[in-house]
Amino acid sequence: MDANSDRDRQSGHHAQAIPIHQQSLEIARLIGDRFSEGTALGNLGVAAIELKEYQAAIDYSQQHRAIAQEIGDRAGVTRATENLAIAYERLELDGRS
C-alpha cells in the first residue's frame with residue numbers, strides 16, 4: 001500500500017497519494033502500530049507541502065514528531081522537524097506574496 005502511494009507522490013501525483021496515506025493511517029491506528037502511524041502522518045505532511053497546503057502539513061508533521069518522540073524514533077523526529085521547517089518557511093513566503 002505505501003509503496004504505491006510513495007511512487008505516486010514521487011512522480012508528482014501527490015493528490016492521488018493522499019487517500020492511500022489516509023487509509024494507511026487509519027489501519028495503523030486501528031491495529032495500534034505507532035511507528036506506521038507516524039510514517040503515514042509524515043507522508044501526509046510531505047504530500048501537503050507539495051500541494052501547498054502548509055497548515056495541513058504543519059498539523060501532520062507535528063503529530064508525526066510527537067509520535068516519533070514517544071516511541072524513540074530519532075530519524076522520524078528529524079524528518080518531522082525538517083518537514084515542519086519547510087512548511088513554516090513556505091507558509092511565511094506565501095504570506096509575503
# chains A, B, ... in the order shown; residues from 1 in each chain; ligands from 1
call {"tool": "residues_around", "arguments": {"residues": "Ala40 (chain A)", "least_positions_apart": "6", "cutoff": "12 Å", "atoms": "only C-alpha atoms", "output": "PyMOL selection string"}}
result
chain A and resi 1-3+5-6+17-29+33-34+46-47+60-61+63-65+67-68+76+80
call {"tool": "atom_distance", "arguments": {"atom1": "CA of Glu82 (chain A)", "atom2": "CA of Gly42 (chain A)"}}
result
10.5 Å
call {"tool": "closest_residue", "arguments": {"among": "A:Ala48, A:Ser36, A:Arg90, A:Thr81", "to": "Ala66 (chain A)", "atoms": "only C-alpha atoms"}}
result
A:Thr81
call {"tool": "atom_distance", "arguments": {"atom1": "CA of Gly38 (chain A)", "atom2": "CA of Ala56 (chain A)"}}
result
15.0 Å
call {"tool": "atom_distance", "arguments": {"atom1": "CA of Leu51 (chain A)", "atom2": "CA of Ala75 (chain A)"}}
result
24.0 Å
